[in-house]
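First comes the structure, then the notes that go with it.
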Amino acid sequence: MEQRSKLIKIRDFIVRNRFYIICGFLILVRFLYCVRISGRQSFAADEMSEMGFIAKANSLKDILMYFLTVEITNLPLFALIAAAWYRIVPWGESWLLLLCEILTSTGILFVALAARKLKDDTAGYFATAFCVISSTLILRCDMEYRCYSFLFMAIAVCLYLYICRQKRDGDEGLHGKGVKQELILGAAMTVLAYAHYFGPLIIVALFVADVFLFLKKRLGIKFVIPYMMSGLLLLPWFLLMLKFKEKSITDFWPSPPTLGSIPEILRFVLSYDEPVYVYALIAMLSAVVLVLCKIREGKFDWGVYYPLVVSLWVIWFLLFGVFVYSSKINIYGSIWVDKYFISLIPFIVLIMAFFASVLTDRAVKPDEKELRGMSTVVICAFLVMYFGLGNYYHDVKEYTDVPLDPYREAALYLRDNAPEGGDIPLLVPTEGGAVLGFQEFYLDHYGLGDRIRVVSWYEPEAEEIVKNSDRFYVFDVRGRIEKSEEEAAEVLKTYKPSDSVKEYGLNYYERSALR
């Protein structure tokens, strides 16, 4: 009898928590896969910059000043977290990327919770499945030691808290008397504001949406609390950046977008899975039709349908706002960078999951709960098996099998082959943080700190080294030096390297052998 009682308790526990068990299982499998493949690739140039920002040689003040003076196109919160993580865990790409894998997994959970809060468990299951099959999330969030995993998580948390506010009933709900909830949302928005500059853009879009609710008398004046918190806490940083900056905030490297860039960005966000892309467009169009029909019928549920409107608004605000800025207003300071639009994933997935749940409702009668549950499991399993496994093998595995920028491989080669005698310059076509990052994270770790000294190709010292140094290395990442039009590059073309590793772009020159 006692054994039977324990089994009943276990069954009841599983039934009560089946949502967390199923979603947690999918997220855990994805997490373990990411752990398994992390560290295959060397860190790339952008990650070398990140390692330079947070180098152990830098103090907290050094890190903050770097973001205030040079790295003004990024915000410092992830770098501070990454710096602490770097100083705690053992050396290695896999250990560092564990932070990003945890952040991304947490973000997926909050996207699932947001969909569940908005609609039902079925929507939460679909949201989890759509995130799990995404190769874009794996490659750009889990497999990059940069801020995008943190940005994704911060947006997911804000979206969940925003929907919770919309779903509250009575005086604690749409009339804005839940001060505690507003403060929590404000704290989440502050984290988002410091995660990436797309964070404040999303906050502005949410603020406009809430102003509309306020004008419709669906929110009280306390709705401004989260926006005041995040705005006032970000303002000092922005003013300090304007004071200390050493670069223009209106100049940036990306090319201006064209109209074709908009569908291309959406395809990128959806991992270039054409069926998923088509379904996402249909789901967004259906959201517009559904909202208009509910308004016409007088059955518009603000707690259910308005978050859909807000999600659509944020998606198109970011797409067209950034497009107009980058293509018309400031073509020399375009911010049209594919990775930045990872910001759209939580909102797009929410809409996709909502309509997947709606379609399931239409396909199954309300009294057939078991059939509905089985249908959801089958569809999610199909998504994971067909799209997920395909993406994991063809996109993720093939991408991570080949080094993007072979910094680690070059460092290992130098460890085994570099001449003794110390202080040999190594010219690399990067600058700032990437120079320090490469030096500390790879060269110093492999015991080359006394033998190899990294020098930026863009420093005046580089030309002096090419013309007069007795010996030096050139590590031409992505062929940038070869394509350079500087005088030093022309001089270098007249030299024949004493040693060369073409697959790494690594060449060694000795003055006695130069011609």
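Residue numbering restarts at 1 for every chain of the structure tokens, chains are lettered A, B, ... in their displayed order, and ligands are numbered from 1 as they appear.
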
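Residue neighbourhood of segment 495-510 of chain A, excluding near-sequence residues (fewer than 4 positions): Pro406, Glu409, Ala410, Asp470, Arg471, Phe472, Tyr473, Val474, Phe475, Asp476, Val477, Arg478, Gly479, Val491, Leu514 and Arg515 of chain A, at 8 Å, using only C-alpha atoms.
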
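Nearest residue to Ala280 of chain A, choosing from A:Pro419, A:Pro263, A:Pro226, A:Pro429 and counting only C-alpha atoms: A:Pro263.
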
Would you mind writing down, as an MDAnalysis selection string, each residue of segment 276-489 of chain A that DSSP on the backbone assigns to alpha helix (DSSP H)?
chainID A and resid 276:297 302:324 345:363 369:382 389:390 398:400 407:417 433:437 460:468 480:483 487:489

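Across the structure, atom CA of Lys339 of chain A and atom CA of Phe126 of chain A are spaced 23.5 Å apart.
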
May I have a table of the residues of segment 142-210 of chain A lying at most 12 Å from segment 50-65 of chain A, giving each one's closest pair of atoms and their distance in Å to one decimal, counting only C-alpha atoms, ordered by chain and ascending residue number, as a Markdown table?
| residue | atom | partner | partner_atom | distance |
| --- | --- | --- | --- | --- |
| A:Glu144 | CA | A:Glu50 | CA | 10.1 |
| A:Tyr145 | CA | A:Glu50 | CA | 7.5 |
| A:Arg146 | CA | A:Glu50 | CA | 6.8 |
| A:Cys147 | CA | A:Glu50 | CA | 9.2 |

Residue subset to file, keeping all heavy atoms, as a JSON list (two decimals), in the first residue's frame:
[["chain", "number", "residue", "atom", "x", "y", "z"],
["A", 144, "GLU", "N", 29.48, 31.53, -29.41],
["A", 144, "GLU", "CA", 30.26, 32.78, -29.47],
["A", 144, "GLU", "C", 30.37, 33.37, -28.08],
["A", 144, "GLU", "O", 29.34, 33.57, -27.42],
["A", 144, "GLU", "CB", 29.63, 33.79, -30.42],
["A", 144, "GLU", "CG", 29.83, 33.46, -31.89],
["A", 144, "GLU", "CD", 29.55, 34.65, -32.79],
["A", 144, "GLU", "OE1", 29.58, 35.80, -32.29],
["A", 144, "GLU", "OE2", 29.30, 34.45, -33.98],
["A", 145, "TYR", "N", 31.58, 33.65, -27.66],
["A", 145, "TYR", "CA", 31.79, 34.27, -26.34],
["A", 145, "TYR", "C", 31.62, 35.77, -26.46],
["A", 145, "TYR", "O", 32.56, 36.55, -26.31],
["A", 145, "TYR", "CB", 33.18, 33.91, -25.81],
["A", 145, "TYR", "CG", 33.32, 34.11, -24.32],
["A", 145, "TYR", "CD1", 32.48, 33.44, -23.44],
["A", 145, "TYR", "CD2", 34.29, 34.95, -23.80],
["A", 145, "TYR", "CE1", 32.61, 33.60, -22.07],
["A", 145, "TYR", "CE2", 34.44, 35.12, -22.43],
["A", 145, "TYR", "CZ", 33.59, 34.45, -21.57],
["A", 145, "TYR", "OH", 33.71, 34.62, -20.20],
["A", 146, "ARG", "N", 30.38, 36.13, -26.77],
["A", 146, "ARG", "CA", 30.04, 37.54, -26.92],
["A", 146, "ARG", "C", 28.69, 37.79, -26.27],
["A", 146, "ARG", "O", 28.11, 36.90, -25.65],
["A", 146, "ARG", "CB", 30.04, 37.93, -28.40],
["A", 146, "ARG", "CG", 31.38, 37.66, -29.07],
["A", 146, "ARG", "CD", 31.50, 38.40, -30.38],
["A", 146, "ARG", "NE", 31.61, 39.82, -30.19],
["A", 146, "ARG", "CZ", 31.22, 40.73, -31.08],
["A", 146, "ARG", "NH1", 30.68, 40.33, -32.22],
["A", 146, "ARG", "NH2", 31.36, 42.01, -30.86],
["A", 147, "CYS", "N", 28.14, 38.97, -26.43],
["A", 147, "CYS", "CA", 26.99, 39.39, -25.64],
["A", 147, "CYS", "C", 25.66, 38.85, -26.13],
["A", 147, "CYS", "O", 24.63, 39.08, -25.50],
["A", 147, "CYS", "CB", 26.94, 40.91, -25.60],
["A", 147, "CYS", "SG", 26.60, 41.67, -27.22]]

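Residue nearest Trp313 of chain A, chosen from A:Val276, A:Val466, A:Ala83, A:Leu206 and counting only C-alpha atoms: A:Leu206.
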
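Using only C-alpha atoms, the nearest neighbour of Leu308 of chain A within the list A:Ile265, A:Val337, A:Val349, A:Leu80 is A:Val349.
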
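The environment of Gly421 of chain A within 12 Å, counting only C-alpha atoms and disregarding residues fewer than 5 places along the same chain, consists of Leu448, Gly449, Asp450, Arg451, Ile452, Asp470 and Arg471 of chain A.
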
Selection file, C-alpha atoms, as a PDB file, in the first residue's frame:
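What landed in result-v6.pdb:
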ATOM      1  CA  LEU A 448      55.020  32.120 -25.958  1.00  0.00           C
ATOM      2  CA  GLY A 449      54.804  35.337 -23.964  1.00  0.00           C
ATOM      3  CA  ASP A 450      58.592  35.790 -23.921  1.00  0.00           C
ATOM      4  CA  ARG A 451      59.095  34.759 -27.546  1.00  0.00           C
ATOM      5  CA  ILE A 452      56.245  36.287 -29.544  1.00  0.00           C
ATOM      6  CA  ASP A 470      65.577  41.168 -38.483  1.00  0.00           C
ATOM      7  CA  ARG A 471      62.751  38.659 -38.189  1.00  0.00           C
TER       8      ARG A 471
END

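Reported to one decimal place, the separation of atom CA of Leu77 of chain A from atom CA of Ala188 of chain A is 12.8 Å.
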
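In this structure, atom CA of Met143 of chain A sits 27.6 Å away from atom CA of Gly260 of chain A.
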
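Using only C-alpha atoms for every distance, the candidate list A:Gly186, A:Gly107, A:Gly39, A:Pro460 yields A:Pro460 as the residue closest to Glu487 of chain A.
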
Within segment 297-434 of chain A, find each residue whose DSSP state, derived from the backbone, is strand (DSSP E or B), and express the selection as a PyMOL selection string. chain A and resi 424-428

Shortest contact to Ile133 of chain A, candidates A:Arg30, A:Arg218, A:Lys119, A:Arg408, atoms counted only C-alpha atoms, goes to A:Arg30

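Nearest residue to Gln41 of chain A among A:Tyr197, A:Phe207, A:Tyr407, A:Tyr125 is A:Tyr407, counting only C-alpha atoms.
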
Compile the contact shell of Tyr277 of chain A as JSON, numbers by chain: residues with an atom at most 10 Å away, counting only C-alpha atoms, same-chain residues fewer than 6 positions apart removed. {"A": [263, 266, 267, 268, 269, 270, 271, 283]}

Residues as selected, all heavy atoms, written as a PDB file, in the first residue's frame, can you do that?
ATOM      1  N   PRO A 263      14.032  40.513 -45.918  1.00  0.00           N
ATOM      2  CA  PRO A 263      13.741  39.075 -45.888  1.00  0.00           C
ATOM      3  C   PRO A 263      14.979  38.232 -45.601  1.00  0.00           C
ATOM      4  O   PRO A 263      14.877  37.163 -44.996  1.00  0.00           O
ATOM      5  CB  PRO A 263      13.180  38.793 -47.287  1.00  0.00           C
ATOM      6  CG  PRO A 263      13.602  39.942 -48.134  1.00  0.00           C
ATOM      7  CD  PRO A 263      13.681  41.108 -47.226  1.00  0.00           C
ATOM      8  N   LEU A 266      15.343  38.031 -41.877  1.00  0.00           N
ATOM      9  CA  LEU A 266      14.354  37.112 -41.312  1.00  0.00           C
ATOM     10  C   LEU A 266      14.762  35.658 -41.549  1.00  0.00           C
ATOM     11  O   LEU A 266      14.582  34.802 -40.677  1.00  0.00           O
ATOM     12  CB  LEU A 266      12.975  37.388 -41.912  1.00  0.00           C
ATOM     13  CG  LEU A 266      12.289  38.671 -41.437  1.00  0.00           C
ATOM     14  CD1 LEU A 266      11.004  38.912 -42.204  1.00  0.00           C
ATOM     15  CD2 LEU A 266      12.002  38.609 -39.931  1.00  0.00           C
ATOM     16  N   ARG A 267      15.314  35.382 -42.723  1.00  0.00           N
ATOM     17  CA  ARG A 267      15.796  34.019 -42.991  1.00  0.00           C
ATOM     18  C   ARG A 267      16.952  33.663 -42.056  1.00  0.00           C
ATOM     19  O   ARG A 267      17.037  32.535 -41.566  1.00  0.00           O
ATOM     20  CB  ARG A 267      16.226  33.894 -44.454  1.00  0.00           C
ATOM     21  CG  ARG A 267      15.067  33.813 -45.433  1.00  0.00           C
ATOM     22  CD  ARG A 267      15.563  33.511 -46.850  1.00  0.00           C
ATOM     23  NE  ARG A 267      14.463  33.209 -47.742  1.00  0.00           N
ATOM     24  CZ  ARG A 267      13.797  34.108 -48.466  1.00  0.00           C
ATOM     25  NH1 ARG A 267      14.136  35.386 -48.383  1.00  0.00           N
ATOM     26  NH2 ARG A 267      12.804  33.729 -49.237  1.00  0.00           N
ATOM     27  N   PHE A 268      17.849  34.595 -41.841  1.00  0.00           N
ATOM     28  CA  PHE A 268      18.959  34.371 -40.912  1.00  0.00           C
ATOM     29  C   PHE A 268      18.430  34.058 -39.511  1.00  0.00           C
ATOM     30  O   PHE A 268      18.872  33.106 -38.860  1.00  0.00           O
ATOM     31  CB  PHE A 268      19.866  35.600 -40.868  1.00  0.00           C
ATOM     32  CG  PHE A 268      20.793  35.632 -39.679  1.00  0.00           C
ATOM     33  CD1 PHE A 268      21.937  34.859 -39.653  1.00  0.00           C
ATOM     34  CD2 PHE A 268      20.496  36.434 -38.577  1.00  0.00           C
ATOM     35  CE1 PHE A 268      22.783  34.874 -38.543  1.00  0.00           C
ATOM     36  CE2 PHE A 268      21.332  36.454 -37.470  1.00  0.00           C
ATOM     37  CZ  PHE A 268      22.477  35.678 -37.455  1.00  0.00           C
ATOM     38  N   VAL A 269      17.499  34.873 -39.050  1.00  0.00           N
ATOM     39  CA  VAL A 269      16.927  34.685 -37.717  1.00  0.00           C
ATOM     40  C   VAL A 269      16.292  33.300 -37.582  1.00  0.00           C
ATOM     41  O   VAL A 269      16.373  32.666 -36.530  1.00  0.00           O
ATOM     42  CB  VAL A 269      15.887  35.799 -37.435  1.00  0.00           C
ATOM     43  CG1 VAL A 269      15.022  35.451 -36.231  1.00  0.00           C
ATOM     44  CG2 VAL A 269      16.595  37.135 -37.203  1.00  0.00           C
ATOM     45  N   LEU A 270      15.699  32.814 -38.676  1.00  0.00           N
ATOM     46  CA  LEU A 270      15.008  31.523 -38.664  1.00  0.00           C
ATOM     47  C   LEU A 270      15.873  30.404 -39.243  1.00  0.00           C
ATOM     48  O   LEU A 270      15.374  29.399 -39.742  1.00  0.00           O
ATOM     49  CB  LEU A 270      13.696  31.642 -39.437  1.00  0.00           C
ATOM     50  CG  LEU A 270      12.692  32.618 -38.790  1.00  0.00           C
ATOM     51  CD1 LEU A 270      11.574  32.965 -39.744  1.00  0.00           C
ATOM     52  CD2 LEU A 270      12.141  32.043 -37.489  1.00  0.00           C
ATOM     53  N   SER A 271      17.183  30.574 -39.167  1.00  0.00           N
ATOM     54  CA  SER A 271      18.170  29.536 -39.510  1.00  0.00           C
ATOM     55  C   SER A 271      18.126  29.101 -40.965  1.00  0.00           C
ATOM     56  O   SER A 271      18.564  27.994 -41.299  1.00  0.00           O
ATOM     57  CB  SER A 271      17.974  28.302 -38.604  1.00  0.00           C
ATOM     58  OG  SER A 271      18.021  28.652 -37.241  1.00  0.00           O
ATOM     59  N   ALA A 283       2.171  33.109 -39.863  1.00  0.00           N
ATOM     60  CA  ALA A 283       1.752  33.338 -38.476  1.00  0.00           C
ATOM     61  C   ALA A 283       1.638  34.833 -38.182  1.00  0.00           C
ATOM     62  O   ALA A 283       0.676  35.273 -37.528  1.00  0.00           O
ATOM     63  CB  ALA A 283       2.744  32.678 -37.519  1.00  0.00           C
TER      64      ALA A 283
END

If we count only C-alpha atoms, what is near segment 239-254 of chain A at a cut-off of 10 Å, once residues fewer than 4 positions away on the same chain are taken out, given as an mmCIF file with N, CA and C atoms, in the first residue's frame?
data_model
loop_
_atom_site.group_PDB
_atom_site.id
_atom_site.type_symbol
_atom_site.label_atom_id
_atom_site.label_comp_id
_atom_site.auth_asym_id
_atom_site.auth_seq_id
_atom_site.Cartn_x
_atom_site.Cartn_y
_atom_site.Cartn_z
ATOM 1 N N MET A 65 36.551 51.697 -18.730
ATOM 2 C CA MET A 65 37.084 52.804 -19.540
ATOM 3 C C MET A 65 37.233 52.400 -20.994
ATOM 4 N N TYR A 66 37.519 51.122 -21.239
ATOM 5 C CA TYR A 66 37.635 50.674 -22.630
ATOM 6 C C TYR A 66 36.310 50.832 -23.351
ATOM 7 N N PHE A 67 35.213 50.506 -22.648
ATOM 8 C CA PHE A 67 33.889 50.637 -23.259
ATOM 9 C C PHE A 67 33.448 52.095 -23.340
ATOM 10 N N LEU A 68 33.984 52.936 -22.512
ATOM 11 C CA LEU A 68 33.638 54.362 -22.562
ATOM 12 C C LEU A 68 34.440 55.119 -23.613
ATOM 13 N N THR A 69 35.597 54.602 -23.979
ATOM 14 C CA THR A 69 36.492 55.351 -24.864
ATOM 15 C C THR A 69 36.582 54.777 -26.271
ATOM 16 N N VAL A 70 36.848 53.481 -26.372
ATOM 17 C CA VAL A 70 37.124 52.851 -27.667
ATOM 18 C C VAL A 70 35.958 51.998 -28.148
ATOM 19 N N GLU A 71 35.507 51.083 -27.314
ATOM 20 C CA GLU A 71 34.462 50.133 -27.708
ATOM 21 C C GLU A 71 33.075 50.726 -27.423
ATOM 22 N N ILE A 72 32.816 51.899 -28.003
ATOM 23 C CA ILE A 72 31.593 52.638 -27.679
ATOM 24 C C ILE A 72 30.360 52.083 -28.388
ATOM 25 N N THR A 73 30.546 51.147 -29.322
ATOM 26 C CA THR A 73 29.397 50.550 -30.000
ATOM 27 C C THR A 73 28.821 49.384 -29.204
ATOM 28 N N LEU A 234 20.547 54.113 -17.358
ATOM 29 C CA LEU A 234 21.414 54.063 -18.544
ATOM 30 C C LEU A 234 21.985 55.436 -18.871
ATOM 31 N N LEU A 235 21.265 56.490 -18.531
ATOM 32 C CA LEU A 235 21.674 57.854 -18.904
ATOM 33 C C LEU A 235 23.080 58.224 -18.435
ATOM 34 N N SER A 326 19.858 53.028 -41.253
ATOM 35 C CA SER A 326 21.099 52.541 -41.869
ATOM 36 C C SER A 326 21.177 52.807 -43.364
ATOM 37 N N ASN A 330 21.885 57.563 -41.917
ATOM 38 C CA ASN A 330 23.332 57.531 -41.648
ATOM 39 C C ASN A 330 23.955 56.320 -42.335
ATOM 40 N N ILE A 331 24.196 56.439 -43.616
ATOM 41 C CA ILE A 331 24.713 55.295 -44.381
ATOM 42 C C ILE A 331 26.153 54.947 -43.998
ATOM 43 N N TYR A 332 26.867 55.896 -43.384
ATOM 44 C CA TYR A 332 28.246 55.623 -42.965
ATOM 45 C C TYR A 332 28.305 55.093 -41.533
ATOM 46 N N GLY A 333 27.157 55.014 -40.900
ATOM 47 C CA GLY A 333 27.098 54.472 -39.546
ATOM 48 C C GLY A 333 26.027 53.414 -39.431
ATOM 49 N N SER A 334 25.878 52.613 -40.486
ATOM 50 C CA SER A 334 24.863 51.562 -40.517
ATOM 51 C C SER A 334 25.013 50.624 -39.321
ATOM 52 N N ILE A 335 23.888 50.252 -38.736
ATOM 53 C CA ILE A 335 23.893 49.264 -37.655
ATOM 54 C C ILE A 335 23.155 48.003 -38.098
ATOM 55 N N TRP A 336 23.120 47.786 -39.412
ATOM 56 C CA TRP A 336 22.458 46.609 -39.961
ATOM 57 C C TRP A 336 23.424 45.428 -39.917
ATOM 58 N N VAL A 337 23.467 44.762 -38.779
ATOM 59 C CA VAL A 337 24.350 43.612 -38.549
ATOM 60 C C VAL A 337 23.470 42.416 -38.217
ATOM 61 N N ASP A 338 23.653 41.304 -38.928
ATOM 62 C CA ASP A 338 22.736 40.173 -38.777
ATOM 63 C C ASP A 338 22.606 39.708 -37.325
#

Neighbouring residues of Ile22 of chain A were defined as those with any atom within 10 Å, considering only C-alpha atoms; residues of the same chain fewer than 6 positions away were excluded. Please report them as an mmCIF file with N, CA and C atoms, in the first residue's frame.
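Output file out_25.cif is given in full below:
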data_model
loop_
_atom_site.group_PDB
_atom_site.id
_atom_site.type_symbol
_atom_site.label_atom_id
_atom_site.label_comp_id
_atom_site.auth_asym_id
_atom_site.auth_seq_id
_atom_site.Cartn_x
_atom_site.Cartn_y
_atom_site.Cartn_z
ATOM 1 N N ILE A 14 4.641 14.290 -11.599
ATOM 2 C CA ILE A 14 4.938 14.369 -13.035
ATOM 3 C C ILE A 14 3.824 15.094 -13.771
ATOM 4 N N LEU A 28 17.592 20.599 -22.040
ATOM 5 C CA LEU A 28 18.776 19.897 -21.524
ATOM 6 C C LEU A 28 19.499 19.146 -22.635
ATOM 7 N N TYR A 125 5.175 24.468 -25.331
ATOM 8 C CA TYR A 125 5.906 23.357 -25.956
ATOM 9 C C TYR A 125 6.416 23.744 -27.347
ATOM 10 N N THR A 128 9.350 26.142 -27.158
ATOM 11 C CA THR A 128 10.585 25.415 -26.843
ATOM 12 C C THR A 128 11.132 24.720 -28.081
ATOM 13 N N VAL A 377 2.807 16.568 -28.987
ATOM 14 C CA VAL A 377 4.058 15.801 -28.854
ATOM 15 C C VAL A 377 4.572 15.361 -30.222
#
